[in-house]
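Heads up: the structure comes next, in structure tokens.
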Amino acid sequence: MKFSFKLGLNSPLIFLPLSALAVAPTYCLGLHFSVFEDKFECIDIHNSLNCARSIESGLSDQVNHIQRTQPGHLTIALNSGKSLTYTDILPANNPVEHIAYSAIEQITDNLLLIHQQLWEAHSYILLDLRNGHEYSLAGYPLLSPQGGYLFVAEQDLDAGFNENALQVYRLSENTLNLLYELKPENWGPEQADWVTENTVSFTQKQLNPNYFSNENQPFYLETEAVLSIAPDSQRVNIRYFD
């Protein structure tokens, strides 16, 4: 079994409760910062900001509209020729106000994903390069096979710095439309993947409340689920399979 921690701006280490260490000495640290395989993943980096900056460095080698002319300043060139600059805010006397920006994925030709690292939590901006419009996302987005939808997911059962979230957006020619949103308190989505253009499979994952009462209990409870989008994009349904 593996933890998938999302570490904060200055949090290179995670400390588990002593009770957890006593009964679960074989847990290891998983360096996955999203619920999607191979997305926001750094095998050898234990800090989410350092991971984001590493991904940005690779992305900037592939595209010419991402630049860092100086540390702490992320400049994005829009299609119009104008540019936007995201400047890190790192006050020495108030760490809870820290925020650092990193460009981490070109979702489509016109949509760029920007990671916002807060002191402990994180969030995402989806930037439209055509017009500079920003969409605030509750989690990491995954584009559907034909590019018509985004499945957005966040799961933070371990640390609780971020809200668990599940969203579905429809991509139209000039905008994003939110079709569905769920922010469960006691579970989060994991192992999510598009099966078809209108169907996403994922695992509903939650902490097992009976774990410490019985040594044979699993640490997590997991239920397979499928999210389906109606052909007219007007309805979203989730089925759970015990």
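Labels for the structure tokens follow display order: chains A, B, ..., residues from 1 in each chain, ligands from 1.
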
Could you give me, as a Markdown table, every stretch 140-224 of chain A residue with an atom at most 9 Å from stretch 104-119 of chain A, plus its closest atom pair and distance in Å to one decimal, counting only C-alpha atoms, rows ordered by chain then number?
```
| residue | atom | partner | partner_atom | distance |
| --- | --- | --- | --- | --- |
| A:Tyr140 | CA | A:Leu113 | CA | 8.8 |
| A:Pro141 | CA | A:Ile107 | CA | 8.4 |
| A:Leu142 | CA | A:Ile107 | CA | 8.0 |
| A:Leu143 | CA | A:Ile107 | CA | 7.0 |
| A:Gly147 | CA | A:Thr108 | CA | 8.2 |
```

Practice task
Check stretch 14-212 of chain A with DSSP on the backbone and list each residue it calls strand (DSSP E or B), as an NGL selection string.
Solution key: :A and (28-30 or 32 or 41 or 66-70 or 73-77 or 83-87 or 89 or 99-106 or 111-118 or 122-128 or 134-137 or 140-143 or 149-154 or 165-171 or 176-182 or 188-196 or 199-207)

Handout entry: Which of A:Ser228, A:Gln70, A:Ser123, A:Thr223 sits closest to A:Asn162 [using only C-alpha atoms]
Key =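 Using only C-alpha atoms, A:Asn162 sits closest to A:Ser123.
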
Exercise for the section: Using atom CA of A:Phe202 and atom CA of A:Asp158 as the two end points, give the distance in Å to one decimal. Expected result: 18.4 Å

Exercise for the section: Please indicate the distance in Å from atom CA of A:Gly148 to atom CA of A:Arg170, rounded to one decimal place. Expected result: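 One can read the atom CA of A:Gly148 to atom CA of A:Arg170 distance as 6.0 Å.
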
Practice task
Tell me, as a ChimeraX atom specification, which residues lie within 12 Å of A:Ser57, counting only C-alpha atoms; anything in the same chain fewer than 6 positions away does not count.
Solution key: /A:50-51,63-64,66-68,74,102-105

Handout entry: Nearest candidate to A:Leu84 (options A:Leu150, A:Gly72, A:Gln217, A:Leu129; using only C-alpha atoms)
Key = A:Leu129

Exercise for the section: Can you work out the spacing between atom CA of A:Tyr135 and atom CA of A:Pro71 in Å, to one decimal? Expected result: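 It comes out at 24.7 Å.
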
Practice task
Have a look at A:Gln234, A:Asn177, A:Thr196, A:Asn186 and name the one nearest to A:Ala165; count only C-alpha atoms.
Solution key: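 Nearest to A:Ala165: A:Asn186.
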
Exercise for the section: Assign secondary structure with DSSP using the backbone only, and return the residues of stretch 23-196 of chain A in alpha helix (DSSP H) as a list in words. Expected result: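 The alpha helix (DSSP H) subset of stretch 23-196 of chain A is Val23, Ser48, Leu49, Asn50, Cys51, Ala52, Arg53, Ser54, Ile55, Glu56, Ser57, Gly58, Leu59 and Ser60 of chain A.
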
How about saving the chosen residues, C-alpha atoms kept, as a CSV table (one decimal), in the first residue's frame?
```csv
chain,number,residue,atom,x,y,z
A,23,VAL,CA,0.9,-0.7,13.1
A,48,SER,CA,5.4,19.6,-4.8
A,49,LEU,CA,6.8,23.1,-5.7
A,50,ASN,CA,10.2,21.6,-6.8
A,51,CYS,CA,8.3,19.0,-8.8
A,52,ALA,CA,6.2,21.7,-10.5
A,53,ARG,CA,9.3,23.7,-11.4
A,54,SER,CA,11.0,20.6,-12.8
A,55,ILE,CA,8.0,19.9,-15.0
A,56,GLU,CA,7.9,23.5,-16.1
A,57,SER,CA,11.5,23.4,-17.1
A,58,GLY,CA,10.8,20.5,-19.4
A,59,LEU,CA,7.7,22.1,-20.8
A,60,SER,CA,9.5,25.4,-21.5
```
